[in-house]
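Below is work08.pdb, holding PDB, C-alpha atoms.
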ATOM      1  CA  MET A   1      34.248 203.999 224.921
ATOM      2  CA  ASN A   2      34.302 200.279 224.191
ATOM      3  CA  SER A   3      34.744 197.659 226.895
ATOM      4  CA  GLY A   4      38.261 196.589 225.842
ATOM      5  CA  ARG A   5      39.624 200.084 226.318
ATOM      6  CA  LEU A   6      37.765 200.545 229.610
ATOM      7  CA  ILE A   7      39.080 197.267 231.049
ATOM      8  CA  GLY A   8      42.568 198.214 229.846
ATOM      9  CA  ILE A   9      42.416 201.540 231.672
ATOM     10  CA  ILE A  10      41.120 199.853 234.842
ATOM     11  CA  LEU A  11      43.965 197.310 234.773
ATOM     12  CA  LEU A  12      46.531 200.085 234.263
ATOM     13  CA  VAL A  13      45.166 202.064 237.212
ATOM     14  CA  ILE A  14      45.071 198.982 239.469
ATOM     15  CA  GLY A  15      48.644 198.118 238.467
ATOM     16  CA  PHE A  16      49.911 201.605 239.272
ATOM     17  CA  ILE A  17      48.005 201.690 242.581
ATOM     18  CA  ILE A  18      49.540 198.360 243.626
ATOM     19  CA  ALA A  19      52.992 199.644 242.635
ATOM     20  CA  VAL A  20      52.571 202.822 244.696
ATOM     21  CA  ILE A  21      51.210 200.976 247.735
ATOM     22  CA  ALA A  22      53.979 198.353 247.580
ATOM     23  CA  GLY A  23      56.623 201.058 247.154
ATOM     24  CA  LEU A  24      55.327 203.099 250.082
ATOM     25  CA  TRP A  25      55.059 200.027 252.300
ATOM     26  CA  LEU A  26      58.602 198.910 251.469
ATOM     27  CA  ALA A  27      59.970 202.429 252.013
ATOM     28  CA  THR A  28      58.207 202.644 255.387
ATOM     29  CA  GLN A  29      59.566 199.260 256.472
ATOM     30  CA  VAL A  30      63.126 200.228 255.512
ATOM     31  CA  ASN A  31      62.755 203.612 257.224
ATOM     32  CA  ASN A  32      61.498 201.987 260.467
ATOM     33  CA  GLY A  33      64.382 199.537 260.421
ATOM     34  CA  GLN A  34      62.115 196.519 260.128
ATOM     35  CA  LEU A  35      63.463 195.665 256.660
ATOM     36  CA  GLU A  36      66.942 195.905 255.216
ATOM     37  CA  THR A  37      67.684 197.340 251.786
ATOM     38  CA  GLY A  38      68.303 193.892 250.276
ATOM     39  CA  GLY A  39      64.938 192.660 251.516
ATOM     40  CA  ALA A  40      63.267 195.761 250.114
ATOM     41  CA  LEU A  41      64.811 195.070 246.678
ATOM     42  CA  ILE A  42      63.547 191.485 246.753
ATOM     43  CA  GLY A  43      60.108 192.754 247.812
ATOM     44  CA  ALA A  44      60.139 195.286 244.946
ATOM     45  CA  LEU A  45      61.028 192.547 242.463
ATOM     46  CA  LEU A  46      58.235 190.330 243.779
ATOM     47  CA  ALA A  47      55.766 193.233 243.578
ATOM     48  CA  PHE A  48      56.901 193.911 240.005
ATOM     49  CA  ILE A  49      55.494 190.567 238.752
ATOM     50  CA  PRO A  50      51.773 191.247 239.363
ATOM     51  CA  VAL A  51      52.198 194.934 238.532
ATOM     52  CA  GLY A  52      53.922 194.063 235.261
ATOM     53  CA  LEU A  53      51.209 191.556 234.364
ATOM     54  CA  LEU A  54      48.415 194.022 235.136
ATOM     55  CA  VAL A  55      50.046 196.903 233.273
ATOM     56  CA  GLY A  56      50.957 194.694 230.294
ATOM     57  CA  ALA A  57      47.435 193.308 230.040
ATOM     58  CA  GLY A  58      46.033 196.820 230.420
ATOM     59  CA  ILE A  59      48.170 198.179 227.582
ATOM     60  CA  TYR A  60      47.244 195.224 225.352
ATOM     61  CA  LEU A  61      43.501 195.577 225.997
ATOM     62  CA  TYR A  62      43.622 199.340 225.538
ATOM     63  CA  ALA A  63      45.404 199.017 222.174
ATOM     64  CA  ARG A  64      43.122 196.179 221.005
ATOM     65  CA  GLY A  65      40.067 198.194 222.035
ATOM     66  CA  GLY A  66      41.308 201.095 219.914
ATOM     67  CA  ALA A  67      41.682 198.839 216.876
ATOM     68  CA  GLU A  68      38.183 197.446 217.426
ATOM     69  CA  ALA A  69      36.759 200.964 217.696
ATOM     70  CA  GLU A  70      38.455 201.896 214.425
ATOM     71  CA  GLN A  71      37.035 198.821 212.702
ATOM     72  CA  GLU A  72      33.552 199.546 214.062
ATOM     73  CA  SER A  73      33.835 203.103 212.760
ATOM     74  CA  GLU A  74      34.763 201.835 209.270
ATOM     75  CA  MET A  75      31.859 199.369 209.306
ATOM     76  CA  GLU A  76      29.474 202.149 210.339
ATOM     77  CA  LEU A  77      30.643 204.276 207.385
ATOM     78  CA  GLN A  78      30.134 201.324 205.024
ATOM     79  CA  ARG A  79      26.665 200.742 206.460
ATOM     80  CA  ARG A  80      25.776 204.412 206.000
ATOM     81  CA  LEU A  81      27.050 204.341 202.399
ATOM     82  CA  MET A  82      24.940 201.253 201.660
ATOM     83  CA  ASP A  83      21.865 202.866 203.235
ATOM     84  CA  ILE A  84      22.288 206.044 201.185
ATOM     85  CA  VAL A  85      22.678 204.184 197.881
ATOM     86  CA  ARG A  86      19.873 201.699 198.535
ATOM     87  CA  SER A  87      17.399 204.306 199.739
ATOM     88  CA  ARG A  88      18.019 206.735 196.896
ATOM     89  CA  GLY A  89      18.786 204.222 194.140
ATOM     90  CA  GLU A  90      21.024 206.728 192.377
ATOM     91  CA  VAL A  91      23.410 209.127 194.048
ATOM     92  CA  ARG A  92      26.288 211.315 192.961
ATOM     93  CA  VAL A  93      29.610 210.238 194.470
ATOM     94  CA  PRO A  94      30.676 213.810 195.407
ATOM     95  CA  ASP A  95      27.374 214.269 197.267
ATOM     96  CA  VAL A  96      27.944 211.048 199.243
ATOM     97  CA  ALA A  97      31.536 212.103 199.948
ATOM     98  CA  ILE A  98      30.326 215.406 201.387
ATOM     99  CA  GLU A  99      27.544 213.742 203.374
ATOM    100  CA  LEU A 100      29.918 211.190 204.914
ATOM    101  CA  GLY A 101      32.830 213.628 205.223
ATOM    102  CA  LEU A 102      35.119 211.440 203.104
ATOM    103  CA  SER A 103      37.154 211.853 199.933
ATOM    104  CA  VAL A 104      35.861 210.570 196.595
ATOM    105  CA  GLU A 105      38.799 208.131 196.504
ATOM    106  CA  ARG A 106      37.805 206.757 199.917
ATOM    107  CA  ILE A 107      34.215 206.279 198.691
ATOM    108  CA  LYS A 108      35.572 204.388 195.663
ATOM    109  CA  ASN A 109      37.637 202.128 197.948
ATOM    110  CA  MET A 110      34.635 201.515 200.208
ATOM    111  CA  VAL A 111      32.484 200.528 197.218
ATOM    112  CA  HIS A 112      35.134 198.032 196.110
ATOM    113  CA  GLN A 113      35.373 196.648 199.667
ATOM    114  CA  LEU A 114      31.598 196.184 199.803
ATOM    115  CA  VAL A 115      31.685 194.406 196.437
ATOM    116  CA  GLY A 116      34.478 192.169 197.739
ATOM    117  CA  LEU A 117      32.329 191.332 200.755
ATOM    118  CA  GLN A 118      29.520 190.508 198.302
ATOM    119  CA  VAL A 119      27.046 192.825 200.009
ATOM    120  CA  PHE A 120      26.618 195.419 197.259
ATOM    121  CA  SER A 121      25.375 195.155 193.720
ATOM    122  CA  GLY A 122      24.980 198.079 191.406
ATOM    123  CA  TYR A 123      27.058 200.086 189.027
ATOM    124  CA  ILE A 124      29.010 203.305 188.876
ATOM    125  CA  ASN A 125      29.933 205.661 186.109
ATOM    126  CA  TRP A 126      33.153 207.321 187.232
ATOM    127  CA  GLU A 127      32.989 209.942 184.446
ATOM    128  CA  LYS A 128      29.594 211.175 185.641
ATOM    129  CA  GLY A 129      30.432 210.332 189.249
ATOM    130  CA  THR A 130      27.130 208.568 189.827
ATOM    131  CA  LEU A 131      26.575 205.406 191.868
ATOM    132  CA  TYR A 132      23.518 203.248 191.149
ATOM    133  CA  SER A 133      21.964 200.517 193.229
ATOM    134  CA  ALA A 134      20.591 197.591 191.261
ATOM    135  CA  GLU A 135      19.341 194.066 191.748
ATOM    136  CA  ALA A 136      22.170 191.602 191.192
ATOM    137  CA  SER A 137      19.884 189.378 189.118
ATOM    138  CA  LYS A 138      19.314 192.232 186.648
ATOM    139  CA  LEU A 139      23.050 192.876 186.346
ATOM    140  CA  ARG A 140      24.009 189.221 185.838
ATOM    141  CA  ASP A 141      22.041 189.089 182.580
ATOM    142  CA  LEU A 142      23.439 192.414 181.358
ATOM    143  CA  GLN A 143      25.298 192.171 178.029
ATOM    144  CA  THR A 144      25.640 195.841 177.078
ATOM    145  CA  CYS A 145      26.482 198.981 179.031
ATOM    146  CA  LYS A 146      23.514 200.946 180.370
ATOM    147  CA  ASN A 147      25.487 204.162 179.823
ATOM    148  CA  CYS A 148      26.865 203.889 176.274
ATOM    149  CA  GLY A 149      25.523 200.603 174.852
ATOM    150  CA  GLY A 150      28.969 199.033 174.412
ATOM    151  CA  ASP A 151      29.742 195.390 175.151
ATOM    152  CA  ILE A 152      30.769 194.843 178.764
ATOM    153  CA  LYS A 153      33.462 192.465 180.029
ATOM    154  CA  LEU A 154      34.279 190.722 183.304
ATOM    155  CA  THR A 155      37.242 192.538 184.911
ATOM    156  CA  GLY A 156      37.434 190.951 188.344
ATOM    157  CA  LYS A 157      35.572 188.991 190.965
ATOM    158  CA  GLY A 158      32.108 190.496 191.027
ATOM    159  CA  VAL A 159      33.075 193.378 188.723
ATOM    160  CA  VAL A 160      32.052 193.867 185.096
ATOM    161  CA  ALA A 161      33.232 196.974 183.243
ATOM    162  CA  CYS A 162      32.552 198.769 180.002
ATOM    163  CA  PRO A 163      35.847 199.268 178.139
ATOM    164  CA  PHE A 164      34.344 202.201 176.206
ATOM    165  CA  CYS A 165      33.034 204.551 178.919
ATOM    166  CA  GLY A 166      34.550 203.048 182.086
ATOM    167  CA  THR A 167      31.264 202.293 183.834
ATOM    168  CA  GLU A 168      31.757 199.514 186.411
ATOM    169  CA  TYR A 169      28.996 197.058 187.389
ATOM    170  CA  PHE A 170      29.215 195.383 190.773
ATOM    171  CA  LEU A 171      27.606 191.980 191.274
ATOM    172  CA  SER A 172      27.030 190.652 194.778
TER     173      SER A 172
END
Whole structure, structure tokens version:
Amino acid sequence: MNSGRLIGIILLVIGFIIAVIAGLWLATQVNNGQLETGGALIGALLAFIPVGLLVGAGIYLYARGGAEAEQESEMELQRRLMDIVRSRGEVRVPDVAIELGLSVERIKNMVHQLVGLQVFSGYINWEKGTLYSAEASKLRDLQTCKNCGGDIKLTGKGVVACPFCGTEYFLS
């Protein structure tokens, strides 16, 4: 569990404990005749301010901690994908999908995200379903497709594609 979620839970518990203690104290005072109902309502409203702040902050930190955990999980998957491709040099996309427990479409999206972040260079042949790691310097000088020999063209930021076979080259 990350620290944001833990602090959020602690603040929620403290807020509820304060609310219970304040409620019991006010009820006891009214029951003993030491406090009238109007005074108890004012006391409850005054107790609501710190309780509301604690509970609100707790909910915010808990939710933010969940979003951070999700982002960390996505980054860990991207890191694992990069490690697999770099260590093997050539890997079949379905094999990576099985190894990471993801769909082929999700792997494709992750590759494009990594290219957008300029941390991955290589190429992929979607027909064969094979992902290749390559030095960016080798790919920058590439004029023809390594798969079919056709002329390649720039299709986007950091992406060069072969219009004949669909192989995409990613430059970091």
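Run against this file, the PyMOL selection byres ((chain A and resi 78) around 10) gives back Glu72, Ser73, Glu74, Met75, Glu76, Leu77, Arg79, Arg80, Leu81, Met82, Asp83, Ile84, Leu100, Ile107, Met110, Val111, Gln113 and Leu114 of chain A.
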Query raised in the report: Between CA of Gln71 in chain A and CA of Gly58 in chain A, what is the spacing in Å?
Result: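 Between these atoms lies a distance of 20.0 Å.
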Requested in this report: Check what the PyMOL selection byres ((chain A and resi 94) around 9) selects in the file above and give those residues as number ranges by chain.
Outcome: A: 91-93, 95-99, 103-104, 107, 129-130
Query raised in the report: Smallest atom-to-atom distance to Thr28 in chain A: which of A:Asn147, A:Ala40, A:Ala63, A:Phe170, using all atoms listed in the file?
Result: A:Ala40
Requested in this report: Just give me the gap between CA of Ile17 in chain A and CA of Gly52 in chain A in Å, one decimal is fine.
Outcome: 12.1 Å
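Straight-line separation from CA of Val119 in chain A to CA of Asp151 in chain A: 25.1 Å.
Residues with any atom within 10 Å of Phe48 in chain A, counting all atoms listed in the file and excluding same-chain neighbours fewer than 3 positions away, are Gly15, Ile18, Ala19, Ala22, Ile42, Gly43, Ala44, Leu45, Val51, Gly52, Leu53 and Leu54 of chain A.
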Query - Minimum-distance residue to Thr167 in chain A, chosen among A:Ala134, A:Ile152, A:Ile124, A:Leu142 (using all atoms listed in the file) - result: A:Ile124
Report task. Kindly indicate which residue among A:Leu102, A:Ala47, A:Arg5, A:Ser121 lies nearest to Gly23 in chain A, using all atoms listed in the file for the distances. Result ->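 The closest residue to Gly23 in chain A is A:Ala47.
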Query - Matched chain/residue IDs from the PyMOL selection byres ((chain A and resi 149) around 12), as JSON, numbers by chain - result: {"A": [142, 143, 144, 145, 146, 147, 148, 150, 151, 152, 161, 162, 163, 164, 165, 166, 167]}
So that I have them on file, write out the residues from the current selection with C-alpha atoms, as a short mmCIF file (atom, residue, chain, number, x, y, z; two decimals), keeping the file's coordinate frame.
data_model
loop_
_atom_site.label_atom_id
_atom_site.label_comp_id
_atom_site.auth_asym_id
_atom_site.auth_seq_id
_atom_site.Cartn_x
_atom_site.Cartn_y
_atom_site.Cartn_z
CA LEU A 142 23.44 192.41 181.36
CA GLN A 143 25.30 192.17 178.03
CA THR A 144 25.64 195.84 177.08
CA CYS A 145 26.48 198.98 179.03
CA LYS A 146 23.51 200.95 180.37
CA ASN A 147 25.49 204.16 179.82
CA CYS A 148 26.86 203.89 176.27
CA GLY A 150 28.97 199.03 174.41
CA ASP A 151 29.74 195.39 175.15
CA ILE A 152 30.77 194.84 178.76
CA ALA A 161 33.23 196.97 183.24
CA CYS A 162 32.55 198.77 180.00
CA PRO A 163 35.85 199.27 178.14
CA PHE A 164 34.34 202.20 176.21
CA CYS A 165 33.03 204.55 178.92
CA GLY A 166 34.55 203.05 182.09
CA THR A 167 31.26 202.29 183.83
#
Can you pull range 29-67 of chain A out of that block with N, CA and C atoms and hand it back as a PDB file, in the first residue's frame?
ATOM      1  N   GLN A  29     -23.640  14.810  28.181  1.00  0.00           N
ATOM      2  CA  GLN A  29     -23.882  16.114  28.792  1.00  0.00           C
ATOM      3  C   GLN A  29     -25.366  16.482  28.760  1.00  0.00           C
ATOM      4  N   VAL A  30     -26.020  16.188  27.647  1.00  0.00           N
ATOM      5  CA  VAL A  30     -27.465  16.468  27.541  1.00  0.00           C
ATOM      6  C   VAL A  30     -28.222  15.556  28.494  1.00  0.00           C
ATOM      7  N   ASN A  31     -27.843  14.295  28.565  1.00  0.00           N
ATOM      8  CA  ASN A  31     -28.518  13.324  29.420  1.00  0.00           C
ATOM      9  C   ASN A  31     -28.374  13.683  30.900  1.00  0.00           C
ATOM     10  N   ASN A  32     -27.216  14.222  31.304  1.00  0.00           N
ATOM     11  CA  ASN A  32     -26.979  14.602  32.697  1.00  0.00           C
ATOM     12  C   ASN A  32     -27.596  15.946  33.041  1.00  0.00           C
ATOM     13  N   GLY A  33     -28.116  16.639  32.044  1.00  0.00           N
ATOM     14  CA  GLY A  33     -28.719  17.937  32.276  1.00  0.00           C
ATOM     15  C   GLY A  33     -27.720  19.070  32.339  1.00  0.00           C
ATOM     16  N   GLN A  34     -26.495  18.833  32.045  1.00  0.00           N
ATOM     17  CA  GLN A  34     -25.469  19.868  32.073  1.00  0.00           C
ATOM     18  C   GLN A  34     -25.416  20.675  30.785  1.00  0.00           C
ATOM     19  N   LEU A  35     -26.144  20.211  29.754  1.00  0.00           N
ATOM     20  CA  LEU A  35     -26.144  20.901  28.461  1.00  0.00           C
ATOM     21  C   LEU A  35     -27.544  20.779  27.870  1.00  0.00           C
ATOM     22  N   GLU A  36     -28.026  21.888  27.340  1.00  0.00           N
ATOM     23  CA  GLU A  36     -29.343  21.863  26.706  1.00  0.00           C
ATOM     24  C   GLU A  36     -29.210  21.408  25.252  1.00  0.00           C
ATOM     25  N   THR A  37     -30.318  21.069  24.653  1.00  0.00           N
ATOM     26  CA  THR A  37     -30.322  20.556  23.284  1.00  0.00           C
ATOM     27  C   THR A  37     -29.724  21.564  22.308  1.00  0.00           C
ATOM     28  N   GLY A  38     -30.038  22.835  22.466  1.00  0.00           N
ATOM     29  CA  GLY A  38     -29.488  23.866  21.580  1.00  0.00           C
ATOM     30  C   GLY A  38     -27.973  23.937  21.670  1.00  0.00           C
ATOM     31  N   GLY A  39     -27.456  23.831  22.887  1.00  0.00           N
ATOM     32  CA  GLY A  39     -26.006  23.849  23.080  1.00  0.00           C
ATOM     33  C   GLY A  39     -25.356  22.622  22.474  1.00  0.00           C
ATOM     34  N   ALA A  40     -26.049  21.483  22.563  1.00  0.00           N
ATOM     35  CA  ALA A  40     -25.527  20.256  21.972  1.00  0.00           C
ATOM     36  C   ALA A  40     -25.466  20.374  20.451  1.00  0.00           C
ATOM     37  N   LEU A  41     -26.463  21.015  19.842  1.00  0.00           N
ATOM     38  CA  LEU A  41     -26.446  21.214  18.380  1.00  0.00           C
ATOM     39  C   LEU A  41     -25.292  22.119  17.962  1.00  0.00           C
ATOM     40  N   ILE A  42     -25.066  23.177  18.732  1.00  0.00           N
ATOM     41  CA  ILE A  42     -23.936  24.069  18.424  1.00  0.00           C
ATOM     42  C   ILE A  42     -22.616  23.308  18.594  1.00  0.00           C
ATOM     43  N   GLY A  43     -22.507  22.511  19.646  1.00  0.00           N
ATOM     44  CA  GLY A  43     -21.312  21.697  19.857  1.00  0.00           C
ATOM     45  C   GLY A  43     -21.100  20.701  18.720  1.00  0.00           C
ATOM     46  N   ALA A  44     -22.195  20.105  18.224  1.00  0.00           N
ATOM     47  CA  ALA A  44     -22.087  19.152  17.108  1.00  0.00           C
ATOM     48  C   ALA A  44     -21.621  19.859  15.842  1.00  0.00           C
ATOM     49  N   LEU A  45     -22.130  21.068  15.608  1.00  0.00           N
ATOM     50  CA  LEU A  45     -21.699  21.834  14.440  1.00  0.00           C
ATOM     51  C   LEU A  45     -20.225  22.212  14.546  1.00  0.00           C
ATOM     52  N   LEU A  46     -19.790  22.600  15.733  1.00  0.00           N
ATOM     53  CA  LEU A  46     -18.380  22.948  15.921  1.00  0.00           C
ATOM     54  C   LEU A  46     -17.476  21.721  15.786  1.00  0.00           C
ATOM     55  N   ALA A  47     -17.960  20.563  16.210  1.00  0.00           N
ATOM     56  CA  ALA A  47     -17.176  19.329  16.075  1.00  0.00           C
ATOM     57  C   ALA A  47     -17.134  18.882  14.608  1.00  0.00           C
ATOM     58  N   PHE A  48     -18.149  19.264  13.853  1.00  0.00           N
ATOM     59  CA  PHE A  48     -18.222  18.858  12.442  1.00  0.00           C
ATOM     60  C   PHE A  48     -17.088  19.470  11.613  1.00  0.00           C
ATOM     61  N   ILE A  49     -16.612  20.655  11.977  1.00  0.00           N
ATOM     62  CA  ILE A  49     -15.575  21.339  11.189  1.00  0.00           C
ATOM     63  C   ILE A  49     -14.284  20.516  11.136  1.00  0.00           C
ATOM     64  N   PRO A  50     -13.669  20.169  12.287  1.00  0.00           N
ATOM     65  CA  PRO A  50     -12.437  19.374  12.177  1.00  0.00           C
ATOM     66  C   PRO A  50     -12.692  17.970  11.624  1.00  0.00           C
ATOM     67  N   VAL A  51     -13.843  17.393  11.974  1.00  0.00           N
ATOM     68  CA  VAL A  51     -14.156  16.058  11.464  1.00  0.00           C
ATOM     69  C   VAL A  51     -14.306  16.113   9.943  1.00  0.00           C
ATOM     70  N   GLY A  52     -15.006  17.116   9.459  1.00  0.00           N
ATOM     71  CA  GLY A  52     -15.185  17.261   8.012  1.00  0.00           C
ATOM     72  C   GLY A  52     -13.870  17.467   7.285  1.00  0.00           C
ATOM     73  N   LEU A  53     -12.993  18.282   7.880  1.00  0.00           N
ATOM     74  CA  LEU A  53     -11.672  18.509   7.271  1.00  0.00           C
ATOM     75  C   LEU A  53     -10.845  17.223   7.241  1.00  0.00           C
ATOM     76  N   LEU A  54     -10.841  16.497   8.347  1.00  0.00           N
ATOM     77  CA  LEU A  54     -10.073  15.247   8.406  1.00  0.00           C
ATOM     78  C   LEU A  54     -10.614  14.205   7.422  1.00  0.00           C
ATOM     79  N   VAL A  55     -11.933  14.037   7.408  1.00  0.00           N
ATOM     80  CA  VAL A  55     -12.529  13.047   6.519  1.00  0.00           C
ATOM     81  C   VAL A  55     -12.337  13.461   5.055  1.00  0.00           C
ATOM     82  N   GLY A  56     -12.525  14.740   4.755  1.00  0.00           N
ATOM     83  CA  GLY A  56     -12.325  15.210   3.378  1.00  0.00           C
ATOM     84  C   GLY A  56     -10.897  15.012   2.904  1.00  0.00           C
ATOM     85  N   ALA A  57      -9.938  15.359   3.754  1.00  0.00           N
ATOM     86  CA  ALA A  57      -8.532  15.167   3.400  1.00  0.00           C
ATOM     87  C   ALA A  57      -8.217  13.682   3.264  1.00  0.00           C
ATOM     88  N   GLY A  58      -8.810  12.871   4.130  1.00  0.00           N
ATOM     89  CA  GLY A  58      -8.584  11.425   4.057  1.00  0.00           C
ATOM     90  C   GLY A  58      -9.103  10.831   2.760  1.00  0.00           C
ATOM     91  N   ILE A  59     -10.291  11.244   2.347  1.00  0.00           N
ATOM     92  CA  ILE A  59     -10.866  10.749   1.089  1.00  0.00           C
ATOM     93  C   ILE A  59     -10.000  11.193  -0.093  1.00  0.00           C
ATOM     94  N   TYR A  60      -9.577  12.457  -0.082  1.00  0.00           N
ATOM     95  CA  TYR A  60      -8.739  12.976  -1.165  1.00  0.00           C
ATOM     96  C   TYR A  60      -7.427  12.204  -1.266  1.00  0.00           C
ATOM     97  N   LEU A  61      -6.747  12.016  -0.134  1.00  0.00           N
ATOM     98  CA  LEU A  61      -5.459  11.309  -0.154  1.00  0.00           C
ATOM     99  C   LEU A  61      -5.624   9.841  -0.543  1.00  0.00           C
ATOM    100  N   TYR A  62      -6.701   9.229  -0.108  1.00  0.00           N
ATOM    101  CA  TYR A  62      -6.954   7.836  -0.467  1.00  0.00           C
ATOM    102  C   TYR A  62      -7.162   7.701  -1.973  1.00  0.00           C
ATOM    103  N   ALA A  63      -7.973   8.590  -2.552  1.00  0.00           N
ATOM    104  CA  ALA A  63      -8.235   8.547  -3.994  1.00  0.00           C
ATOM    105  C   ALA A  63      -6.965   8.854  -4.791  1.00  0.00           C
ATOM    106  N   ARG A  64      -6.220   9.873  -4.367  1.00  0.00           N
ATOM    107  CA  ARG A  64      -4.976  10.241  -5.059  1.00  0.00           C
ATOM    108  C   ARG A  64      -3.944   9.112  -4.972  1.00  0.00           C
ATOM    109  N   GLY A  65      -3.888   8.457  -3.827  1.00  0.00           N
ATOM    110  CA  GLY A  65      -2.986   7.318  -3.662  1.00  0.00           C
ATOM    111  C   GLY A  65      -3.345   6.176  -4.592  1.00  0.00           C
ATOM    112  N   GLY A  66      -4.638   5.972  -4.828  1.00  0.00           N
ATOM    113  CA  GLY A  66      -5.070   4.937  -5.768  1.00  0.00           C
ATOM    114  C   GLY A  66      -4.648   5.257  -7.186  1.00  0.00           C
ATOM    115  N   ALA A  67      -4.767   6.526  -7.576  1.00  0.00           N
ATOM    116  CA  ALA A  67      -4.349   6.939  -8.919  1.00  0.00           C
ATOM    117  C   ALA A  67      -2.843   6.786  -9.083  1.00  0.00           C
TER     118      ALA A  67
END
